[in-house]
Structure formats: C-alpha cells, structure tokens
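**Student:** For reference, the file start_29.cif (mmCIF, C-alpha atoms) is included below:
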```cif
data_run
#
loop_
_atom_site.label_atom_id
_atom_site.label_comp_id
_atom_site.auth_asym_id
_atom_site.auth_seq_id
_atom_site.Cartn_x
_atom_site.Cartn_y
_atom_site.Cartn_z
CA MET A 1 -88.98 2.60 61.22
CA LYS A 2 -86.70 5.53 60.47
CA TYR A 3 -85.08 6.15 57.09
CA LYS A 4 -81.86 7.80 55.97
CA ARG A 5 -80.37 8.88 52.66
CA LEU A 6 -77.61 6.87 51.04
CA GLY A 7 -74.81 9.43 51.03
CA ARG A 8 -75.69 12.37 48.79
CA THR A 9 -78.06 10.36 46.62
CA ASP A 10 -81.85 10.69 46.60
CA ILE A 11 -82.22 7.07 47.74
CA SER A 12 -83.79 6.60 51.17
CA VAL A 13 -83.27 3.38 53.15
CA SER A 14 -84.56 1.94 56.41
CA GLN A 15 -82.22 2.15 59.40
CA ILE A 16 -82.45 -1.64 59.58
CA CYS A 17 -81.21 -3.50 56.49
CA LEU A 18 -82.09 -7.15 55.90
CA GLY A 19 -78.92 -9.17 55.51
CA THR A 20 -79.12 -12.34 53.46
CA MET A 21 -75.90 -14.32 53.68
CA THR A 22 -77.46 -17.35 55.42
CA TRP A 23 -79.94 -17.95 52.61
CA GLY A 24 -78.96 -21.00 50.63
CA THR A 25 -77.03 -22.87 53.33
CA GLN A 26 -78.51 -22.21 56.76
CA ASN A 27 -81.86 -21.07 55.35
CA SER A 28 -84.05 -22.54 52.61
CA GLU A 29 -85.68 -20.58 49.82
CA ALA A 30 -89.04 -20.69 51.62
CA GLU A 31 -87.44 -19.36 54.80
CA ALA A 32 -85.73 -16.58 52.86
CA HIS A 33 -89.06 -15.59 51.33
CA GLU A 34 -90.68 -15.58 54.78
CA GLN A 35 -87.96 -13.28 56.10
CA MET A 36 -88.40 -10.85 53.21
CA ASP A 37 -92.19 -10.82 53.66
CA TYR A 38 -91.83 -10.05 57.37
CA ALA A 39 -89.18 -7.38 56.85
CA VAL A 40 -91.33 -5.49 54.36
CA GLN A 41 -94.30 -5.66 56.72
CA LYS A 42 -92.14 -4.01 59.37
CA GLY A 43 -91.07 -1.13 57.15
CA ILE A 44 -87.71 -2.44 55.98
CA ASN A 45 -87.07 -1.39 52.39
CA PHE A 46 -83.35 -2.25 52.19
CA PHE A 47 -81.88 -5.69 51.35
CA ASP A 48 -78.14 -6.43 51.17
CA THR A 49 -76.58 -9.38 49.38
CA ALA A 50 -73.48 -10.30 47.36
CA GLU A 51 -72.54 -12.43 44.38
CA MET A 52 -70.55 -14.81 46.62
CA TYR A 53 -73.39 -15.46 49.12
CA PRO A 54 -74.38 -17.62 50.93
CA THR A 55 -71.66 -18.00 53.51
CA THR A 56 -71.29 -20.46 56.39
CA PRO A 57 -69.97 -22.22 54.53
CA VAL A 58 -68.98 -20.28 51.42
CA GLY A 59 -68.01 -22.12 48.26
CA PRO A 60 -68.50 -22.73 44.55
CA GLU A 61 -71.38 -25.18 45.01
CA THR A 62 -73.71 -22.56 46.48
CA GLN A 63 -72.27 -19.30 45.10
CA GLY A 64 -75.05 -17.05 43.81
CA ARG A 65 -77.87 -18.98 45.45
CA THR A 66 -78.79 -16.12 47.78
CA GLU A 67 -79.33 -13.76 44.86
CA GLU A 68 -81.44 -16.45 43.19
CA TYR A 69 -83.72 -16.63 46.24
CA ILE A 70 -84.16 -12.86 46.20
CA GLY A 71 -84.94 -13.03 42.49
CA THR A 72 -87.69 -15.61 42.96
CA TRP A 73 -89.15 -13.48 45.76
CA PHE A 74 -89.21 -10.43 43.49
CA GLU A 75 -90.91 -12.54 40.83
CA LYS A 76 -93.49 -13.91 43.26
CA SER A 77 -94.19 -10.76 45.28
CA GLY A 78 -93.97 -8.11 42.57
CA LYS A 79 -92.25 -5.83 45.09
CA ARG A 80 -89.01 -5.05 43.26
CA ARG A 81 -89.82 -1.33 43.05
CA ASP A 82 -90.46 -1.21 46.80
CA ILE A 83 -86.97 -2.42 47.69
CA VAL A 84 -83.59 -0.71 47.71
CA LEU A 85 -81.37 -3.59 46.62
CA ALA A 86 -77.66 -3.72 47.38
CA THR A 87 -75.25 -6.35 46.14
CA LYS A 88 -71.49 -6.66 45.69
CA VAL A 89 -68.78 -7.70 43.28
CA ALA A 90 -66.19 -9.90 45.01
CA GLY A 91 -62.64 -8.79 45.54
CA PRO A 92 -59.67 -10.94 44.54
CA GLY A 93 -58.89 -14.37 45.89
CA ARG A 94 -61.90 -16.58 45.19
CA GLU A 95 -60.71 -18.88 42.42
CA TYR A 96 -64.22 -20.06 41.52
CA LEU A 97 -65.23 -16.45 40.80
CA ARG A 98 -63.60 -15.54 37.46
CA GLY A 99 -60.31 -17.16 38.43
CA GLY A 100 -59.94 -15.14 41.61
CA GLN A 101 -59.34 -11.87 39.78
CA GLY A 102 -60.27 -8.64 41.50
CA PRO A 103 -62.77 -6.08 40.24
CA ASP A 104 -61.72 -4.47 36.96
CA ALA A 105 -63.81 -3.45 33.96
CA ALA A 106 -64.24 -6.96 32.55
CA ASN A 107 -64.92 -8.61 35.91
CA ILE A 108 -67.33 -5.93 37.12
CA ASN A 109 -69.36 -6.12 33.92
CA ALA A 110 -69.48 -9.91 34.09
CA ALA A 111 -70.45 -9.84 37.76
CA VAL A 112 -73.20 -7.25 37.29
CA ASP A 113 -74.80 -9.14 34.43
CA ALA A 114 -74.72 -12.41 36.35
CA SER A 115 -76.22 -10.77 39.45
CA LEU A 116 -78.98 -9.09 37.43
CA LYS A 117 -79.91 -12.44 35.93
CA ARG A 118 -80.03 -14.21 39.28
CA LEU A 119 -81.91 -11.35 40.93
CA LYS A 120 -84.45 -11.22 38.09
CA THR A 121 -84.17 -7.45 37.83
CA ASP A 122 -82.80 -4.95 35.35
CA TYR A 123 -81.12 -2.67 37.90
CA ILE A 124 -79.25 -2.69 41.22
CA ASP A 125 -79.74 0.26 43.56
CA LEU A 126 -76.38 0.12 45.35
CA TYR A 127 -73.47 -1.76 43.81
CA GLN A 128 -70.56 -2.33 46.16
CA VAL A 129 -66.94 -3.50 45.88
CA HIS A 130 -66.85 -6.31 48.45
CA TRP A 131 -63.17 -5.83 49.39
CA PRO A 132 -60.27 -3.95 47.79
CA ASN A 133 -57.82 -5.27 45.22
CA ARG A 134 -54.96 -4.14 47.43
CA GLY A 135 -54.42 -5.35 50.98
CA HIS A 136 -56.72 -4.24 53.80
CA PHE A 137 -57.16 -4.83 57.54
CA HIS A 138 -60.69 -6.25 57.63
CA PHE A 139 -61.68 -9.87 58.34
CA ARG A 140 -59.26 -9.95 61.31
CA GLN A 141 -56.31 -9.14 59.05
CA ASN A 142 -55.43 -6.11 61.19
CA TRP A 143 -52.96 -8.21 63.20
CA ARG A 144 -50.78 -8.72 60.13
CA TYR A 145 -51.76 -5.67 58.08
CA ASN A 146 -48.87 -4.19 56.10
CA PRO A 147 -49.70 -1.32 53.73
CA PHE A 148 -46.03 -0.66 53.04
CA ASN A 149 -45.84 -3.27 50.30
CA GLN A 150 -48.70 -1.71 48.32
CA ASP A 151 -48.12 -0.13 44.91
CA ARG A 152 -49.65 3.34 45.04
CA GLU A 153 -49.84 3.82 41.28
CA LYS A 154 -51.53 0.46 40.80
CA ALA A 155 -53.99 1.15 43.63
CA ILE A 156 -54.96 4.48 42.08
CA ALA A 157 -55.24 2.92 38.61
CA ASP A 158 -57.49 0.17 40.02
CA ILE A 159 -59.75 2.68 41.75
CA THR A 160 -59.96 4.80 38.62
CA GLU A 161 -60.90 1.81 36.46
CA ILE A 162 -63.53 0.71 38.96
CA LEU A 163 -65.10 4.17 39.04
CA GLU A 164 -65.03 4.53 35.25
CA THR A 165 -66.75 1.15 34.93
CA MET A 166 -69.33 2.08 37.53
CA GLY A 167 -69.96 5.30 35.62
CA GLU A 168 -70.72 3.34 32.48
CA LEU A 169 -73.07 1.06 34.42
CA VAL A 170 -74.91 4.07 35.83
CA LYS A 171 -75.31 5.48 32.31
CA ALA A 172 -76.58 2.09 31.13
CA GLY A 173 -79.17 2.05 33.93
CA LYS A 174 -77.81 -1.14 35.46
CA ILE A 175 -76.88 0.47 38.79
CA ARG A 176 -78.03 3.61 40.60
CA ALA A 177 -75.33 4.25 43.22
CA VAL A 178 -71.86 3.05 44.17
CA GLY A 179 -70.70 1.72 47.52
CA LEU A 180 -67.57 0.22 49.04
CA SER A 181 -67.06 -2.49 51.63
CA ASN A 182 -64.16 -3.39 53.89
CA GLU A 183 -62.41 -0.18 52.88
CA THR A 184 -59.91 2.05 54.64
CA THR A 185 -59.99 5.81 55.15
CA TRP A 186 -57.34 6.37 52.47
CA GLY A 187 -59.18 4.13 50.04
CA ILE A 188 -62.55 5.83 50.50
CA GLN A 189 -61.03 9.31 50.21
CA LYS A 190 -59.15 8.32 47.07
CA TYR A 191 -62.42 7.15 45.49
CA LEU A 192 -64.03 10.47 46.40
CA THR A 193 -61.13 12.55 45.06
CA ILE A 194 -60.91 10.71 41.75
CA ALA A 195 -64.68 10.83 41.29
CA GLU A 196 -64.67 14.59 41.84
CA GLN A 197 -61.72 15.14 39.52
CA LYS A 198 -63.11 13.04 36.69
CA GLY A 199 -66.87 13.55 37.07
CA LEU A 200 -67.47 9.92 38.01
CA PRO A 201 -70.05 8.44 40.44
CA ARG A 202 -69.53 9.45 44.05
CA VAL A 203 -69.27 6.74 46.69
CA ALA A 204 -72.40 6.82 48.84
CA THR A 205 -71.61 4.33 51.59
CA THR A 206 -69.08 1.92 52.96
CA GLN A 207 -70.07 -1.43 54.42
CA ASN A 208 -67.62 -2.22 57.21
CA GLU A 209 -67.85 -4.32 60.35
CA TYR A 210 -69.10 -2.49 63.43
CA ASN A 211 -70.28 -3.82 66.78
CA LEU A 212 -69.68 -3.51 70.52
CA LEU A 213 -66.54 -5.63 70.20
CA TYR A 214 -65.10 -3.92 67.11
CA ARG A 215 -65.48 -0.15 66.91
CA HIS A 216 -62.69 0.87 64.56
CA PHE A 217 -65.11 3.11 62.64
CA ASP A 218 -65.38 5.47 65.65
CA LEU A 219 -62.05 7.09 64.74
CA ASP A 220 -60.76 8.45 61.40
CA LEU A 221 -63.49 6.73 59.42
CA ALA A 222 -66.09 8.60 61.48
CA GLU A 223 -64.38 11.89 60.62
CA LEU A 224 -64.44 11.04 56.93
CA SER A 225 -68.08 9.99 57.16
CA HIS A 226 -69.03 13.28 58.79
CA HIS A 227 -67.23 15.57 56.35
CA GLU A 228 -67.89 13.59 53.16
CA ASP A 229 -71.38 12.12 53.76
CA VAL A 230 -70.24 8.53 53.32
CA GLY A 231 -72.47 6.63 55.73
CA LEU A 232 -71.72 3.30 57.34
CA LEU A 233 -73.67 0.15 56.55
CA ALA A 234 -72.67 -1.91 59.58
CA TYR A 235 -72.26 -5.62 59.02
CA SER A 236 -71.90 -8.17 61.81
CA PRO A 237 -73.52 -5.85 64.41
CA LEU A 238 -73.91 -8.89 66.70
CA ALA A 239 -70.31 -10.02 66.02
CA GLY A 240 -71.51 -13.12 64.22
CA GLY A 241 -73.98 -13.87 67.03
CA ILE A 242 -71.37 -13.66 69.81
CA LEU A 243 -73.09 -10.67 71.44
CA THR A 244 -76.28 -12.68 71.95
CA GLY A 245 -74.38 -14.67 74.56
CA LYS A 246 -75.13 -18.02 72.96
CA TYR A 247 -71.45 -19.00 72.78
CA VAL A 248 -70.55 -18.10 76.37
CA GLY A 249 -68.71 -20.85 78.19
CA GLY A 250 -67.82 -22.68 75.01
CA ALA A 251 -71.42 -23.42 73.98
CA ARG A 252 -72.04 -24.29 70.32
CA PRO A 253 -75.79 -24.35 69.66
CA ALA A 254 -76.79 -26.77 66.89
CA GLY A 255 -77.23 -25.03 63.54
CA SER A 256 -75.56 -21.83 64.70
CA ARG A 257 -72.83 -20.12 62.75
CA GLY A 258 -70.32 -21.14 65.39
CA SER A 259 -71.20 -24.79 64.90
CA ILE A 260 -70.25 -24.53 61.21
CA ASN A 261 -67.55 -21.83 61.09
CA LEU A 262 -65.83 -22.74 64.32
CA ASP A 263 -64.10 -19.43 65.07
CA ILE A 264 -66.71 -17.23 63.30
CA GLY A 265 -64.15 -15.58 61.07
CA GLY A 266 -61.59 -15.20 63.86
CA ARG A 267 -64.05 -13.53 66.24
CA LEU A 268 -64.72 -16.43 68.59
CA GLN A 269 -61.64 -16.68 70.79
CA PRO A 270 -61.00 -16.30 74.53
CA LEU A 271 -60.39 -12.53 74.58
CA GLN A 272 -63.98 -11.76 73.62
CA GLU A 273 -65.68 -13.58 76.48
CA PRO A 274 -65.07 -11.08 79.35
CA PRO A 275 -66.53 -8.09 77.47
CA VAL A 276 -69.42 -10.19 76.16
CA LYS A 277 -70.28 -11.17 79.72
CA ALA A 278 -70.05 -7.50 80.74
CA TYR A 279 -72.44 -6.46 77.98
CA LEU A 280 -74.80 -9.29 78.93
CA GLU A 281 -74.81 -7.97 82.50
CA ILE A 282 -75.70 -4.47 81.27
CA ALA A 283 -78.53 -5.91 79.18
CA ALA A 284 -79.87 -7.85 82.17
CA LYS A 285 -79.56 -4.84 84.48
CA TYR A 286 -81.72 -2.69 82.24
CA GLY A 287 -84.09 -5.47 81.14
CA ILE A 288 -83.07 -5.31 77.48
CA ASP A 289 -82.53 -8.34 75.25
CA PRO A 290 -78.77 -8.59 74.51
CA SER A 291 -79.34 -8.53 70.73
CA LYS A 292 -81.50 -5.43 71.04
CA LEU A 293 -78.88 -3.76 73.23
CA ALA A 294 -76.11 -4.40 70.70
CA LEU A 295 -78.16 -3.30 67.69
CA ALA A 296 -79.71 -0.28 69.40
CA TYR A 297 -76.22 0.86 70.38
CA CYS A 298 -75.15 0.79 66.72
CA LEU A 299 -78.17 2.91 65.83
CA THR A 300 -77.03 5.66 68.21
CA LYS A 301 -73.98 6.45 66.08
CA PRO A 302 -74.31 9.58 63.91
CA PHE A 303 -72.36 7.99 61.04
CA MET A 304 -74.75 5.04 60.82
CA THR A 305 -76.86 4.87 57.67
CA SER A 306 -78.20 1.36 58.26
CA VAL A 307 -77.47 -1.67 60.43
CA ILE A 308 -77.43 -4.97 58.54
CA ILE A 309 -79.12 -7.72 60.52
CA GLY A 310 -78.96 -11.43 59.77
CA ALA A 311 -81.14 -14.19 61.18
CA THR A 312 -81.61 -17.91 60.69
CA THR A 313 -84.93 -18.07 62.56
CA MET A 314 -88.02 -15.89 62.52
CA ALA A 315 -87.71 -15.39 66.28
CA GLN A 316 -84.22 -13.95 65.78
CA LEU A 317 -85.48 -11.73 62.97
CA GLU A 318 -88.35 -10.39 65.06
CA THR A 319 -85.98 -9.56 67.92
CA ASP A 320 -83.49 -7.85 65.64
CA VAL A 321 -86.09 -5.72 63.86
CA ALA A 322 -87.57 -4.68 67.21
CA ALA A 323 -84.21 -3.13 68.14
CA ALA A 324 -85.17 -0.19 65.92
CA TYR A 325 -87.64 0.87 68.59
CA VAL A 326 -85.32 0.59 71.60
CA THR A 327 -83.94 3.72 73.23
CA LEU A 328 -81.00 2.94 75.48
CA PRO A 329 -80.88 4.79 78.83
CA GLU A 330 -78.04 7.24 79.25
CA GLU A 331 -76.80 5.18 82.18
CA ALA A 332 -76.60 2.07 80.01
CA LEU A 333 -74.69 3.97 77.34
CA ALA A 334 -72.21 5.19 79.95
CA GLU A 335 -71.67 1.65 81.20
CA ILE A 336 -71.13 0.42 77.64
CA GLU A 337 -68.38 3.01 77.23
CA GLN A 338 -66.73 1.83 80.44
CA VAL A 339 -66.63 -1.74 79.11
CA HIS A 340 -65.26 -0.55 75.79
CA ARG A 341 -62.50 1.41 77.53
CA LYS A 342 -61.48 -1.76 79.36
CA TYR A 343 -61.75 -4.04 76.30
CA PRO A 344 -61.24 -1.81 73.24
CA MET A 345 -60.74 -4.53 70.60
CA PRO A 346 -61.05 -8.07 71.97
CA MET A 347 -61.38 -9.87 68.66
#
```
What's the structure tokens form of this structure?
**Tutor:**
Amino acid sequence: MKYKRLGRTDISVSQICLGTMTWGTQNSEAEAHEQMDYAVQKGINFFDTAEMYPTTPVGPETQGRTEEYIGTWFEKSGKRRDIVLATKVAGPGREYLRGGQGPDAANINAAVDASLKRLKTDYIDLYQVHWPNRGHFHFRQNWRYNPFNQDREKAIADITEILETMGELVKAGKIRAVGLSNETTWGIQKYLTIAEQKGLPRVATTQNEYNLLYRHFDLDLAELSHHEDVGLLAYSPLAGGILTGKYVGGARPAGSRGSINLDIGGRLQPLQEPPVKAYLEIAAKYGIDPSKLALAYCLTKPFMTSVIIGATTMAQLETDVAAAYVTLPEEALAEIEQVHRKYPMPM
C-alpha cells in the first residue's frame, strides 16, 4: 500500500480510503466492523464518513448511524490512533439536519460535537464541507447549473465564516485539517486565498466524484490541484457500481445500490451503457477485473491523493483493495483514452 500526504499537512494517508456510506442500511454493524478489520490488515489507514450517512436510502431514521458504527469499532479495537478519520458537515437542504441550514459557525460547531460523540473520539483528522452553501454542479446538477444567480459577497462571507470556525476548531483540538467536497475551482481557490490573507487553516483536499465515466477533474481542477497542492479524494470511482458491469442490459442485482436507488443518483441511464461495455471489453482483453481496471485507472492520476472505495460484501472489498497493486499496461491506458474521447461524459 502506498501513502500520500493530505495537501501540505503532515498527515499521511493510504492511496485507498475505506468508504462507509453503506453501513447502517445495506451493511450491519458487524459487517462494518469486519470491513474495518480487513482494511487495516491490508494497510489502509484512512476512513471517510459523513454526518448524514448512511445513504441508499438516506433519511432521518438512520442519519448518523454510520459514525456510530465507526465509534463502536474504535471502542472495541482500540485503533483510533492508527486511523486518519475524515467526516463531513452537511450542506444546506436536509431539513432533518438542523432545519436544512448550511454550514455556518453555529451549525458547524453543533455538527462537530455530534460527530465526535457518535465516533467516540475527541478529534477528527480531516473535517470536510460536504457541499457548498451556494449552487454547484455536482450530483448531476451540471445540466442545469447556473452560477449567474449567485451572490458573490454572500459566497465570500460564507467561506470566510466557515474558515474562521474551522480555525477555532483546530485551536480547540477538535479537528486537524480542513477539506472540501463537491466544490468548484473558483470555490476552492477562494478558500485558499482567504485562508492565506487571514492566517486561517488551508484546505488540504477536495472530495469530488471521479471515475471513467465522469472525469471533470482532469481539466481546471487538475491545474489547481497541481499548483496549490489540493489533492483529490475520489468518490464513486466505480460510478456507483456501474463500472463493474452488474447493471448491463437492465440487470438489477438484489441488494445492490441500483435495486434501492433506481437511477443511482442520476448515473444509471441509457447513455452510460455503451462506454461501460467498452471498458468491460478492455478489462476482458487484458485479463483484469473490471473493478480493478476502473480503480487502478484512478490511481494513475497525479492529482489523486486517495480513492474512496465502498463495498457491501467482503468479496467486493477484497477486489477493490487489490486494485492498489494493479499496474495497467500502456496499451490498456491508450484504449481507455480512446473510449473517453468517444464518450466524454455519458452520465
């Protein structure tokens, strides 16, 4: 297992991060604990969660349960100091989370304290803003994205308040580093500029979607990552399981994400099937499991700090972790680029 630094911090994380959002709906507490035990055995030291997890489905009845499962594992295993723990404060729009308000000083402080209690720890290594207060293009919102109705002064005031609050939390020892999620290039740069101007915590990472079907990060975000040392934590590297091929031809395996969230967050629709089949053909040609192909490709990107995997079975987890040891042939990489050129954003 290889390790990378989180931005310009002194925190080192495994190139594979254990995602957790199925724990509490699709996975039981015992299964979550088994996944964490296995991940640590394989050299993974990085877990990612969020106050709103689990998802699939997401709702008030289960909100926070994933963090609770991690907390009981810390309590049972005694391995808290061995893990780099990342969690998130939700953005606006979830009424059952503090009335749907976005992250501001009061809401961030309330969220941190609640997460610390559930996680049974006194600090969080990487605390992330799950999505911005203003509009953004993530979660398939790019097709109706309109930044022209945003209030610049309010956006800057929100970012400043978030950073000032994070600074206080760092001083209090409750968090070690700050991250973003589902952010834009302008948003990330504004966080960096304000932090530098005011001596506030510097953003270390951004957690955005990245996979063979959605490679927006290859462009201006990659440039920002290179010059400013803001690494990507890639979520949905298998496009919600689509890149495994299990949904080809309209299949809906029992217990899968696609059997619960029917369009997998807008990803599962006809345009994605031709490129998925093309990637499956490349995987078969070179004798590589499709999941390993998709994950190993993500790991080739120079802006990648860590790839967040998610599994509902131990067999899936074992396959995903093994991707860290796959080196894709140059010929396979060239064929992947040909498919991408033909189907640049089919979701």
**Student:** Using all atoms listed in the file for the distances, tell me which of A:Pro54, A:Gly99, A:Gly7, A:Gly71 is nearest to Asp122 (chain A).
**Tutor:**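 Smallest separation from Asp122 (chain A) among the options: A:Gly71.
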**Student:** Identify which of the residues A:Gln207, A:Thr319, A:Thr305, A:Gln272 lies closest to Pro290 (chain A), counting only C-alpha atoms when measuring atom-to-atom distances.
**Tutor:** A:Thr319
**Student:** Report, in Å to a single decimal, how far apart CA of Arg140 (chain A) and CA of Leu317 (chain A) are.
**Tutor:**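 Computing it gives 26.3 Å between the two atoms.
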**Student:** Got a sec: who's within 9 Å of Glu228 (chain A), counting all atoms listed in the file, leaving out chain neighbours fewer than 3 positions off, as a PyMOL selection string?
**Tutor:** chain A and resi 7+189+192+223-225+231
**Student:** Using all atoms listed in the file, determine which residues lie at most 10 Å from Asn149 (chain A), disregarding the query and same-chain residues fewer than 2 positions distant; provide the list as a PyMOL selection string.
**Tutor:** chain A and resi 134-135+146-147+151-152
**Student:** Work out how far apart CA of Asp218 (chain A) and CA of Gly102 (chain A) are and give it in Å to one decimal.
**Tutor:** 28.4 Å
**Student:** Can you check which parts of region 255-346 of chain A lie within 12 Å of region 9-32 of chain A? Per residue, the shortest pair of atoms and distance in Å to one decimal, counting only C-alpha atoms, sorted by chain and number, as CSV.
**Tutor:**
```
residue,atom,partner,partner_atom,distance
A:Gly255,CA,A:Gln26,CA,7.5
A:Ser256,CA,A:Gln26,CA,8.5
A:Arg257,CA,A:Gln26,CA,8.5
A:Gly258,CA,A:Gln26,CA,11.9
A:Ser259,CA,A:Gln26,CA,11.2
A:Ile260,CA,A:Gln26,CA,9.7
A:Asn261,CA,A:Gln26,CA,11.8
A:Leu295,CA,A:Ile16,CA,9.3
A:Ala296,CA,A:Ile16,CA,10.3
A:Cys298,CA,A:Gln15,CA,10.3
A:Leu299,CA,A:Gln15,CA,7.6
A:Thr300,CA,A:Gln15,CA,10.8
A:Lys301,CA,A:Gln15,CA,11.4
A:Pro302,CA,A:Gln15,CA,11.8
A:Phe303,CA,A:Gln15,CA,11.6
A:Met304,CA,A:Gln15,CA,8.1
A:Thr305,CA,A:Gln15,CA,6.3
A:Ser306,CA,A:Gln15,CA,4.3
A:Val307,CA,A:Ile16,CA,5.1
A:Ile308,CA,A:Cys17,CA,4.5
A:Ile309,CA,A:Gly19,CA,5.2
A:Gly310,CA,A:Gly19,CA,4.8
A:Ala311,CA,A:Thr22,CA,7.5
A:Thr312,CA,A:Asn27,CA,6.2
A:Thr313,CA,A:Glu31,CA,8.3
A:Met314,CA,A:Glu31,CA,8.5
A:Leu317,CA,A:Leu18,CA,9.1
A:Glu318,CA,A:Leu18,CA,11.6
A:Asp320,CA,A:Ile16,CA,8.7
A:Val321,CA,A:Ile16,CA,6.9
A:Ala322,CA,A:Ile16,CA,9.7
A:Ala323,CA,A:Ile16,CA,8.9
A:Ala324,CA,A:Ile16,CA,7.0
A:Tyr325,CA,A:Ile16,CA,10.7
```
**Student:** When you draw a straight line from CA of His216 (chain A) to CA of Gly245 (chain A), how long is it in Å?
**Tutor:**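 Atom-to-atom, CA of His216 (chain A) to CA of Gly245 (chain A), that is 21.9 Å.
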**Student:** Run the PyMOL selection byres ((chain A and resi 86) around 7) on the file and write out the hits as a list in words.
**Tutor:**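 What the PyMOL selection byres ((chain A and resi 86) around 7) grabs from the file is Phe47, Asp48, Thr49, Val84, Leu85, Thr87, Ile124, Asp125, Leu126 and Tyr127 of chain A.
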